[in-house]
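Below is coords.cif, holding mmCIF, C-alpha atoms, pLDDT in the B column; chains and numbers go by the auth columns.
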data_query
loop_
_atom_site.group_PDB
_atom_site.id
_atom_site.type_symbol
_atom_site.label_atom_id
_atom_site.label_comp_id
_atom_site.label_asym_id
_atom_site.label_seq_id
_atom_site.Cartn_x
_atom_site.Cartn_y
_atom_site.Cartn_z
_atom_site.B_iso_or_equiv
_atom_site.auth_seq_id
_atom_site.auth_asym_id
ATOM 1 C CA MET A 1 0.000 0.000 0.000 82.00 1426 A
ATOM 2 C CA PHE A 2 1.342 3.425 -0.981 86.00 1427 A
ATOM 3 C CA VAL A 3 0.383 6.624 0.832 87.00 1428 A
ATOM 4 C CA TRP A 4 0.718 10.090 -0.691 86.00 1429 A
ATOM 5 C CA SER A 5 2.304 12.930 1.283 81.00 1430 A
ATOM 6 C CA GLY A 6 2.536 16.285 -0.456 78.00 1431 A
ATOM 7 C CA PRO A 7 2.637 20.018 0.206 76.00 1432 A
ATOM 8 C CA ASP A 8 -0.494 21.706 1.595 79.00 1433 A
ATOM 9 C CA ASP A 9 -2.150 18.298 2.100 80.00 1434 A
ATOM 10 C CA GLY A 10 -3.243 18.371 -1.542 83.00 1435 A
ATOM 11 C CA PRO A 11 -4.183 15.354 -3.677 87.00 1436 A
ATOM 12 C CA PRO A 12 -1.539 13.354 -5.590 89.00 1437 A
ATOM 13 C CA THR A 13 -0.099 15.199 -8.552 87.00 1438 A
ATOM 14 C CA TRP A 14 1.151 12.058 -10.343 90.00 1439 A
ATOM 15 C CA GLN A 15 0.510 8.324 -10.434 89.00 1440 A
ATOM 16 C CA LEU A 16 2.691 5.295 -9.825 89.00 1441 A
ATOM 17 C CA PRO A 17 3.614 3.145 -12.840 88.00 1442 A
ATOM 18 C CA PRO A 18 1.279 0.216 -13.613 86.00 1443 A
ATOM 19 C CA PRO A 19 1.789 -2.864 -11.423 83.00 1444 A
ATOM 20 C CA VAL A 20 3.817 -5.740 -12.852 77.00 1445 A
ATOM 21 C CA GLY A 21 1.200 -8.365 -11.973 76.00 1446 A
ATOM 22 C CA VAL A 22 3.136 -10.322 -9.343 81.00 1447 A
ATOM 23 C CA ARG A 23 3.307 -10.182 -5.567 85.00 1448 A
ATOM 24 C CA PRO A 24 6.594 -10.049 -3.612 88.00 1449 A
ATOM 25 C CA ARG A 25 7.669 -13.358 -2.102 89.00 1450 A
ATOM 26 C CA ALA A 26 10.516 -12.078 0.083 92.00 1451 A
ATOM 27 C CA TRP A 27 11.150 -8.756 1.834 93.00 1452 A
ATOM 28 C CA TRP A 28 13.513 -6.940 4.199 95.00 1453 A
ATOM 29 C CA SER A 29 13.816 -3.508 5.812 96.00 1454 A
ATOM 30 C CA GLY A 30 16.598 -1.607 7.549 96.00 1455 A
ATOM 31 C CA GLU A 31 17.773 1.929 8.258 96.00 1456 A
ATOM 32 C CA VAL A 32 20.519 3.936 6.588 95.00 1457 A
ATOM 33 C CA LEU A 33 21.906 7.313 7.626 95.00 1458 A
ATOM 34 C CA SER A 34 21.014 9.013 4.394 94.00 1459 A
ATOM 35 C CA HIS A 35 18.262 10.682 2.359 94.00 1460 A
ATOM 36 C CA PRO A 36 15.851 8.878 -0.033 95.00 1461 A
ATOM 37 C CA GLN A 37 17.277 10.814 -2.983 95.00 1462 A
ATOM 38 C CA GLU A 38 20.760 9.519 -2.159 94.00 1463 A
ATOM 39 C CA VAL A 39 19.467 5.940 -2.054 94.00 1464 A
ATOM 40 C CA MET A 40 17.863 6.422 -5.469 94.00 1465 A
ATOM 41 C CA GLU A 41 20.982 8.090 -6.898 93.00 1466 A
ATOM 42 C CA ASN A 42 22.907 4.855 -6.438 89.00 1467 A
ATOM 43 C CA SER A 43 20.984 3.484 -9.431 86.00 1468 A
ATOM 44 C CA VAL A 44 22.849 5.856 -11.779 89.00 1469 A
ATOM 45 C CA ASP A 45 26.235 5.714 -10.053 89.00 1470 A
ATOM 46 C CA PHE A 46 27.694 2.889 -12.147 83.00 1471 A
ATOM 47 C CA ARG A 47 31.332 3.488 -11.238 81.00 1472 A
ATOM 48 C CA HIS A 48 30.918 2.518 -7.592 86.00 1473 A
ATOM 49 C CA VAL A 49 29.217 -0.801 -8.437 86.00 1474 A
ATOM 50 C CA ALA A 50 32.362 -2.624 -9.569 83.00 1475 A
ATOM 51 C CA VAL A 51 34.577 -1.198 -6.823 86.00 1476 A
ATOM 52 C CA LEU A 52 32.230 -1.551 -3.855 89.00 1477 A
ATOM 53 C CA HIS A 53 29.980 -4.444 -4.889 88.00 1478 A
ATOM 54 C CA GLY A 54 32.192 -6.402 -7.289 85.00 1479 A
ATOM 55 C CA LEU A 55 29.588 -6.404 -10.062 84.00 1480 A
ATOM 56 C CA ASP A 56 30.096 -5.744 -13.773 85.00 1481 A
ATOM 57 C CA THR A 57 27.304 -3.231 -14.450 86.00 1482 A
ATOM 58 C CA ARG A 58 27.217 -0.963 -17.487 87.00 1483 A
ATOM 59 C CA GLU A 59 24.799 1.618 -18.827 89.00 1484 A
ATOM 60 C CA THR A 60 23.401 0.424 -22.169 89.00 1485 A
ATOM 61 C CA ALA A 61 21.394 3.493 -23.211 91.00 1486 A
ATOM 62 C CA PRO A 62 20.789 7.050 -21.973 91.00 1487 A
ATOM 63 C CA PRO A 63 18.214 7.436 -19.186 93.00 1488 A
ATOM 64 C CA GLU A 64 14.595 8.102 -20.144 95.00 1489 A
ATOM 65 C CA VAL A 65 12.636 10.807 -18.341 96.00 1490 A
ATOM 66 C CA ASP A 66 8.846 10.616 -18.296 95.00 1491 A
ATOM 67 C CA GLY A 67 7.534 13.122 -15.769 95.00 1492 A
ATOM 68 C CA PRO A 68 7.908 11.514 -12.314 95.00 1493 A
ATOM 69 C CA LEU A 69 9.566 8.411 -13.822 96.00 1494 A
ATOM 70 C CA PHE A 70 13.305 8.112 -14.507 96.00 1495 A
ATOM 71 C CA THR A 71 14.329 4.884 -16.253 95.00 1496 A
ATOM 72 C CA VAL A 72 17.939 3.737 -16.257 93.00 1497 A
ATOM 73 C CA HIS A 73 18.990 1.068 -18.778 92.00 1498 A
ATOM 74 C CA GLN A 74 21.775 -1.140 -17.504 89.00 1499 A
ATOM 75 C CA ARG A 75 23.252 -4.596 -17.937 87.00 1500 A
ATOM 76 C CA THR A 76 24.832 -6.632 -15.159 83.00 1501 A
ATOM 77 C CA THR A 77 26.908 -9.714 -15.936 79.00 1502 A
ATOM 78 C CA THR A 78 26.941 -12.287 -13.151 72.00 1503 A
ATOM 79 C CA ARG A 79 27.540 -16.007 -12.792 66.00 1504 A
ATOM 80 C CA PHE A 80 25.049 -18.734 -11.900 60.00 1505 A
ATOM 81 C CA PRO A 81 25.713 -22.416 -11.186 59.00 1506 A
ATOM 82 C CA GLY A 82 25.105 -24.320 -14.412 60.00 1507 A
ATOM 83 C CA PRO A 83 24.662 -21.670 -17.131 59.00 1508 A
ATOM 84 C CA GLY A 84 27.735 -19.743 -15.980 63.00 1509 A
ATOM 85 C CA ALA A 85 27.965 -16.072 -16.960 70.00 1510 A
ATOM 86 C CA VAL A 86 24.551 -14.507 -17.561 71.00 1511 A
ATOM 87 C CA ALA A 87 23.977 -10.976 -18.880 75.00 1512 A
ATOM 88 C CA LEU A 88 21.063 -9.448 -17.014 79.00 1513 A
ATOM 89 C CA ASP A 89 19.359 -6.543 -18.805 83.00 1514 A
ATOM 90 C CA GLN A 90 17.595 -4.696 -16.026 84.00 1515 A
ATOM 91 C CA PRO A 91 15.823 -1.391 -16.569 90.00 1516 A
ATOM 92 C CA VAL A 92 15.580 0.390 -13.222 93.00 1517 A
ATOM 93 C CA THR A 93 12.811 2.957 -12.760 94.00 1518 A
ATOM 94 C CA PRO A 94 12.606 5.359 -9.830 95.00 1519 A
ATOM 95 C CA ALA A 95 9.047 6.674 -9.446 95.00 1520 A
ATOM 96 C CA GLY A 96 9.397 9.823 -7.435 94.00 1521 A
ATOM 97 C CA LEU A 97 11.771 9.491 -4.509 94.00 1522 A
ATOM 98 C CA GLY A 98 9.819 6.807 -2.668 94.00 1523 A
ATOM 99 C CA MET A 99 9.858 3.819 -5.007 95.00 1524 A
ATOM 100 C CA MET A 100 12.335 2.229 -7.376 95.00 1525 A
ATOM 101 C CA ARG A 101 11.523 -0.876 -9.396 94.00 1526 A
ATOM 102 C CA LEU A 102 13.819 -3.242 -11.263 91.00 1527 A
ATOM 103 C CA VAL A 103 12.319 -5.519 -13.903 87.00 1528 A
ATOM 104 C CA ALA A 104 14.557 -8.155 -15.481 84.00 1529 A
ATOM 105 C CA GLU A 105 14.083 -11.203 -17.668 79.00 1530 A
ATOM 106 C CA LEU A 106 16.520 -14.121 -17.413 73.00 1531 A
ATOM 107 C CA PRO A 107 15.911 -16.186 -20.578 69.00 1532 A
ATOM 108 C CA GLU A 108 18.933 -18.419 -19.892 64.00 1533 A
ATOM 109 C CA LEU A 109 17.268 -19.482 -16.636 63.00 1534 A
ATOM 110 C CA GLY A 110 13.664 -19.307 -17.853 72.00 1535 A
ATOM 111 C CA ALA A 111 12.873 -16.872 -15.062 76.00 1536 A
ATOM 112 C CA ALA A 112 11.942 -13.259 -14.372 84.00 1537 A
ATOM 113 C CA LEU A 113 13.060 -11.009 -11.523 87.00 1538 A
ATOM 114 C CA ARG A 114 11.225 -8.089 -9.922 90.00 1539 A
ATOM 115 C CA VAL A 115 12.782 -5.956 -7.181 92.00 1540 A
ATOM 116 C CA TRP A 116 11.188 -3.031 -5.356 94.00 1541 A
ATOM 117 C CA VAL A 117 13.292 -0.548 -3.354 95.00 1542 A
ATOM 118 C CA LEU A 118 11.170 1.658 -1.083 95.00 1543 A
ATOM 119 C CA PRO A 119 13.038 4.371 0.878 96.00 1544 A
ATOM 120 C CA THR A 120 11.017 6.306 3.468 94.00 1545 A
ATOM 121 C CA PRO A 121 12.416 9.240 5.493 94.00 1546 A
ATOM 122 C CA VAL A 122 12.050 8.704 9.247 94.00 1547 A
ATOM 123 C CA GLY A 123 14.166 11.631 10.463 94.00 1548 A
ATOM 124 C CA PRO A 124 16.781 14.150 9.307 92.00 1549 A
ATOM 125 C CA TRP A 125 19.139 12.107 7.121 92.00 1550 A
ATOM 126 C CA ARG A 126 17.638 8.867 8.394 95.00 1551 A
ATOM 127 C CA THR A 127 15.852 6.588 5.916 96.00 1552 A
ATOM 128 C CA ARG A 128 14.182 3.216 6.295 97.00 1553 A
ATOM 129 C CA VAL A 129 14.780 1.190 3.141 96.00 1554 A
ATOM 130 C CA ARG A 130 12.429 -1.674 2.310 95.00 1555 A
ATOM 131 C CA PHE A 131 13.278 -4.317 -0.270 95.00 1556 A
ATOM 132 C CA ALA A 132 10.726 -6.647 -1.848 94.00 1557 A
ATOM 133 C CA VAL A 133 11.555 -9.366 -4.388 93.00 1558 A
ATOM 134 C CA ALA A 134 9.552 -11.639 -6.653 91.00 1559 A
ATOM 135 C CA THR A 135 10.907 -14.256 -9.019 86.00 1560 A
ATOM 136 C CA GLY A 136 9.059 -16.715 -11.210 75.00 1561 A
ATOM 137 C CA SER A 137 9.166 -18.917 -14.263 66.00 1562 A
ATOM 138 C CA THR A 138 8.605 -17.334 -17.674 57.00 1563 A
ATOM 139 C CA GLY A 139 7.547 -20.608 -19.254 50.00 1564 A
ATOM 140 C CA GLY A 140 3.882 -20.036 -18.542 44.00 1565 A
ATOM 141 C CA THR A 141 3.106 -23.695 -17.728 40.00 1566 A
ATOM 142 C CA ALA A 142 4.585 -24.247 -14.281 39.00 1567 A
ATOM 143 C CA GLY A 143 1.864 -24.733 -11.724 37.00 1568 A
ATOM 144 C CA THR A 144 -0.939 -24.998 -14.290 36.00 1569 A
ATOM 145 C CA VAL A 145 -3.828 -27.225 -13.185 35.00 1570 A
ATOM 146 C CA ASP A 146 -4.995 -29.545 -15.991 39.00 1571 A
ATOM 147 C CA LEU A 147 -8.739 -29.932 -15.531 40.00 1572 A
ATOM 148 C CA THR A 148 -9.054 -32.082 -18.665 44.00 1573 A
ATOM 149 C CA GLY A 149 -6.975 -34.909 -17.233 49.00 1574 A
ATOM 150 C CA GLY A 150 -9.405 -35.875 -14.483 48.00 1575 A
ATOM 151 C CA ALA A 151 -8.250 -36.500 -10.930 50.00 1576 A
ATOM 152 C CA SER A 152 -4.705 -37.400 -11.970 46.00 1577 A
ATOM 153 C CA GLY A 153 -4.342 -34.166 -13.929 42.00 1578 A
ATOM 154 C CA LEU A 154 -5.722 -32.162 -11.018 40.00 1579 A
ATOM 155 C CA VAL A 155 -3.332 -33.770 -8.509 43.00 1580 A
ATOM 156 C CA SER A 156 -0.396 -33.382 -10.887 41.00 1581 A
ATOM 157 C CA GLY A 157 -1.204 -29.702 -11.434 39.00 1582 A
ATOM 158 C CA LEU A 158 -1.554 -29.023 -7.716 35.00 1583 A
ATOM 159 C CA VAL A 159 1.743 -30.740 -6.928 38.00 1584 A
ATOM 160 C CA SER A 160 3.441 -28.848 -9.758 41.00 1585 A
ATOM 161 C CA GLY A 161 2.019 -25.603 -8.399 43.00 1586 A
ATOM 162 C CA LEU A 162 3.298 -26.320 -4.893 39.00 1587 A
ATOM 163 C CA VAL A 163 6.755 -27.213 -6.177 41.00 1588 A
ATOM 164 C CA SER A 164 6.849 -24.159 -8.430 59.00 1589 A
ATOM 165 C CA GLY A 165 5.715 -21.900 -5.583 70.00 1590 A
ATOM 166 C CA ALA A 166 8.378 -23.267 -3.242 79.00 1591 A
ATOM 167 C CA ALA A 167 11.056 -22.806 -5.918 79.00 1592 A
ATOM 168 C CA ASP A 168 9.925 -19.212 -6.550 82.00 1593 A
ATOM 169 C CA ARG A 169 10.040 -18.421 -2.828 85.00 1594 A
ATOM 170 C CA LEU A 170 13.541 -19.884 -2.555 84.00 1595 A
ATOM 171 C CA ALA A 171 14.753 -17.980 -5.629 82.00 1596 A
ATOM 172 C CA SER A 172 13.190 -14.771 -4.291 86.00 1597 A
ATOM 173 C CA TRP A 173 14.952 -15.260 -0.953 89.00 1598 A
ATOM 174 C CA VAL A 174 18.312 -15.769 -2.710 85.00 1599 A
ATOM 175 C CA ALA A 175 17.792 -12.634 -4.825 84.00 1600 A
ATOM 176 C CA LEU A 176 16.758 -10.695 -1.718 89.00 1601 A
ATOM 177 C CA GLN A 177 19.987 -11.656 0.073 90.00 1602 A
ATOM 178 C CA ALA A 178 21.964 -10.240 -2.860 86.00 1603 A
ATOM 179 C CA SER A 179 20.039 -6.957 -2.630 87.00 1604 A
ATOM 180 C CA VAL A 180 20.488 -6.764 1.145 92.00 1605 A
ATOM 181 C CA ARG A 181 24.219 -7.422 0.776 91.00 1606 A
ATOM 182 C CA ILE A 182 24.467 -4.432 -1.572 91.00 1607 A
ATOM 183 C CA ILE A 183 22.632 -1.994 0.725 92.00 1608 A
ATOM 184 C CA LYS A 184 24.708 -3.160 3.699 94.00 1609 A
ATOM 185 C CA GLN A 185 27.879 -2.483 1.714 94.00 1610 A
ATOM 186 C CA ASP A 186 26.483 0.971 0.865 94.00 1611 A
ATOM 187 C CA ARG A 187 25.667 1.810 4.500 94.00 1612 A
ATOM 188 C CA PRO A 188 29.061 3.157 5.642 94.00 1613 A
ATOM 189 C CA VAL A 189 29.470 5.122 2.401 93.00 1614 A
ATOM 190 C CA LEU A 190 26.036 6.712 2.707 92.00 1615 A
ATOM 191 C CA ALA A 191 26.652 7.502 6.383 92.00 1616 A
ATOM 192 C CA HIS A 192 29.934 9.352 5.768 91.00 1617 A
ATOM 193 C CA LYS A 193 29.568 10.933 2.330 87.00 1618 A
ATOM 194 C CA ARG A 194 28.744 14.616 1.951 87.00 1619 A
ATOM 195 C CA TYR A 195 26.048 15.911 -0.370 87.00 1620 A
ATOM 196 C CA LEU A 196 27.560 18.441 -2.774 87.00 1621 A
ATOM 197 C CA THR A 197 25.276 20.521 -4.966 84.00 1622 A
ATOM 198 C CA GLN A 198 28.041 20.712 -7.577 83.00 1623 A
ATOM 199 C CA PRO A 199 29.953 17.405 -7.418 84.00 1624 A
ATOM 200 C CA ARG A 200 32.986 16.809 -9.593 85.00 1625 A
ATOM 201 C CA LEU A 201 31.867 14.301 -12.180 85.00 1626 A
ATOM 202 C CA VAL A 202 34.102 12.386 -14.541 83.00 1627 A
ATOM 203 C CA PRO A 203 33.332 11.170 -18.073 81.00 1628 A
ATOM 204 C CA GLY A 204 30.646 8.514 -17.972 79.00 1629 A
ATOM 205 C CA GLU A 205 28.807 10.054 -14.995 84.00 1630 A
ATOM 206 C CA ARG A 206 26.488 12.361 -16.932 86.00 1631 A
ATOM 207 C CA SER A 207 23.443 10.379 -15.769 91.00 1632 A
ATOM 208 C CA ILE A 208 24.027 11.582 -12.204 92.00 1633 A
ATOM 209 C CA GLY A 209 23.518 15.171 -13.334 91.00 1634 A
ATOM 210 C CA LEU A 210 20.410 14.204 -15.304 93.00 1635 A
ATOM 211 C CA PHE A 211 19.021 12.398 -12.266 95.00 1636 A
ATOM 212 C CA ARG A 212 19.527 15.393 -10.008 93.00 1637 A
ATOM 213 C CA ARG A 213 17.856 17.727 -12.460 93.00 1638 A
ATOM 214 C CA TRP A 214 14.899 15.297 -12.667 95.00 1639 A
ATOM 215 C CA ALA A 215 14.698 15.046 -8.846 94.00 1640 A
ATOM 216 C CA ARG A 216 14.260 18.800 -8.411 92.00 1641 A
ATOM 217 C CA GLN A 217 10.589 18.511 -9.382 91.00 1642 A
ATOM 218 C CA PHE A 218 9.867 16.824 -6.034 91.00 1643 A
ATOM 219 C CA TYR A 219 10.949 19.900 -4.041 88.00 1644 A
ATOM 220 C CA PRO A 220 8.249 22.505 -4.796 79.00 1645 A
ATOM 221 C CA ASP A 221 9.730 24.995 -2.312 75.00 1646 A
ATOM 222 C CA LEU A 222 13.292 24.506 -3.508 67.00 1647 A
ATOM 223 C CA ASP A 223 15.494 27.568 -3.139 57.00 1648 A
ATOM 224 C CA PRO A 224 17.536 27.760 -6.354 46.00 1649 A
ATOM 225 C CA GLU A 225 20.354 29.408 -4.390 46.00 1650 A
ATOM 226 C CA THR A 226 20.736 26.532 -1.937 45.00 1651 A
ATOM 227 C CA GLY A 227 19.120 23.534 -3.619 44.00 1652 A
ATOM 228 C CA PRO A 228 20.541 21.243 -6.296 42.00 1653 A
ATOM 229 C CA GLU A 229 21.998 23.201 -9.160 41.00 1654 A
ATOM 230 C CA ALA A 230 21.678 22.567 -12.864 39.00 1655 A
ATOM 231 C CA GLU A 231 23.253 19.478 -14.346 39.00 1656 A
ATOM 232 C CA PRO A 232 26.940 19.292 -13.281 43.00 1657 A
ATOM 233 C CA GLU A 233 29.495 19.175 -16.039 43.00 1658 A
ATOM 234 C CA ALA A 234 31.833 16.200 -16.285 45.00 1659 A
ATOM 235 C CA GLU A 235 35.505 16.953 -15.815 43.00 1660 A
ATOM 236 C CA PRO A 236 37.609 16.349 -18.942 39.00 1661 A
ATOM 237 C CA GLU A 237 40.111 14.431 -16.811 36.00 1662 A
ATOM 238 C CA ALA A 238 39.456 12.626 -13.550 36.00 1663 A
ATOM 239 C CA GLY A 239 41.413 13.905 -10.564 34.00 1664 A
ATOM 240 C CA PRO A 240 42.644 11.393 -7.992 32.00 1665 A
ATOM 241 C CA GLU A 241 39.829 12.205 -5.588 35.00 1666 A
ATOM 242 C CA ALA A 242 37.186 11.732 -8.269 33.00 1667 A
ATOM 243 C CA GLY A 243 38.017 8.127 -9.069 32.00 1668 A
ATOM 244 C CA PRO A 244 35.710 5.230 -8.147 31.00 1669 A
ATOM 245 C CA GLU A 245 38.036 4.112 -5.357 33.00 1670 A
ATOM 246 C CA ALA A 246 37.178 7.231 -3.348 33.00 1671 A
ATOM 247 C CA GLU A 247 33.413 6.913 -3.982 38.00 1672 A
ATOM 248 C CA ARG A 248 31.318 9.874 -5.096 42.00 1673 A
ATOM 249 C CA SER A 249 31.085 12.880 -2.764 38.00 1674 A
ATOM 250 C CA GLY A 250 27.833 14.237 -4.032 42.00 1675 A
#
Please express what this file holds, its structure, as structure tokens.
Amino acid sequence: MFVWSGPDDGPPTWQLPPPVGVRPRAWWSGEVLSHPQEVMENSVDFRHVAVLHGLDTRETAPPEVDGPLFTVHQRTTTRFPGPGAVALDQPVTPAGLGMMRLVAELPELGAALRVWVLPTPVGPWRTRVRFAVATGSTGGTAGTVDLTGGASGLVSGLVSGLVSGAADRLASWVALQASVRIIKQDRPVLAHKRYLTQPRLVPGERSIGLFRRWARQFYPDLDPETGPEAEPEAEPEAGPEAGPEAERSG
């Protein structure tokens, strides 16, 4: 359930994206010493992913802006037992600053992955982050009850459904642990980093500036003198403090 909170107690000014048609099967929540916008900004900070999380994640296309939606196109290559290296195309869509959704198809595994990241401010620079995960088969036949096969078909379908449901819950739990590991690795960085309105960006970090410009719409009383500035320009050459090893300071 989502609850709207806006200025002057007015009605919602935009709508969430359509639901994906599945319910989460695993979930987790925990606090970080940060702001919801900072949690969301991690989705466009590709340089820190390899250094901090050990993942090969690359941007495959420029971000798409559609009002309150900001879609990032990225590909993560990871390894699974059996099929080995699998390239995971995963568009990530923040909807406002309170929900981010990842939708990914895994054709090599015959499965689909859905992840929701839900940051909620609970105090000054304190955010409770909730993760929810759903995985399932993309074959379309797992768990189907065959009513034409009589009692045997009914029993077979029910057993198949139970097995499929248990497998989906297990896969969701495994995917959730991976997401929780990432946010726990981010915790000390988020707790100690400083928010800079004009961070030094290096080539390949243009999406961070685009994200910040998009996020300004959610601050109706933003003071242009003190709030986030226009899109930062990338430095032609990265200084030593701007490299991924030092993590972003903005």
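Nearest residue to Arg1553 of chain A, choosing from A:Val1511, A:Leu1531, A:Leu1626, A:Val1457 and counting only C-alpha atoms: A:Val1457.
You can rank A:Leu1513, A:Val1547, A:Leu1595, A:Val1464 by their closest distance to His1498 of chain A using only C-alpha atoms, and at the top of that list sits A:Leu1513.
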Give me the residues within 12 Å of Ser1430 of chain A as a PDB file with C-alpha atoms, in the coordinates of the input, counting only C-alpha atoms and dropping any in the same chain fewer than 4 places off.
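Wrote it out as part18.pdb, contents follow:
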ATOM      1  CA  ASP A1434      -2.150  18.298   2.100  1.00 80.00           C
ATOM      2  CA  GLY A1435      -3.243  18.371  -1.542  1.00 83.00           C
ATOM      3  CA  PRO A1436      -4.183  15.354  -3.677  1.00 87.00           C
ATOM      4  CA  PRO A1437      -1.539  13.354  -5.590  1.00 89.00           C
ATOM      5  CA  THR A1438      -0.099  15.199  -8.552  1.00 87.00           C
ATOM      6  CA  TRP A1439       1.151  12.058 -10.343  1.00 90.00           C
ATOM      7  CA  GLY A1521       9.397   9.823  -7.435  1.00 94.00           C
ATOM      8  CA  LEU A1522      11.771   9.491  -4.509  1.00 94.00           C
ATOM      9  CA  GLY A1523       9.819   6.807  -2.668  1.00 94.00           C
ATOM     10  CA  THR A1545      11.017   6.306   3.468  1.00 94.00           C
ATOM     11  CA  PRO A1546      12.416   9.240   5.493  1.00 94.00           C
ATOM     12  CA  PHE A1643       9.867  16.824  -6.034  1.00 91.00           C
TER      13      PHE A1643
END
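Nearest to Pro1628 of chain A of all the residues A:Trp1429, A:Trp1550, A:Phe1471, A:Trp1598 is A:Phe1471, counting all atoms listed in the file.
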Selection result for the PyMOL selection byres ((chain A and resi 1501) around 7) on this file, as an MDAnalysis selection string | chainID A and resid 1480:1483 1499:1500 1502:1503 1512:1514
Point-to-point distance from atom CA of Gln1515 of chain A to atom CA of Ala1529 of chain A, Å rounded to tenths | 4.6 Å
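Taking atom CA of Ala1596 of chain A and atom CA of Gly1561 of chain A as endpoints, the distance between them is 8.1 Å.
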Just so the selection is clear, what residues does the PyMOL selection byres ((chain A and resi 1640) around 12) cover here, as an MDAnalysis selection string?
-> chainID A and resid 1461:1463 1465:1466 1490:1495 1519:1523 1633:1639 1641:1645 1647 1652:1656
Expressed in Å to a single decimal, how great is the separation between atom CA of Ala1559 of chain A and atom CA of Ala1451 of chain A?
-> 6.8 Å
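Comparing A:Ala1557, A:Val1599, A:Ala1591, A:Ala1510 by their smallest distance to Leu1527 of chain A, the closest is A:Ala1557 (using all atoms listed in the file).
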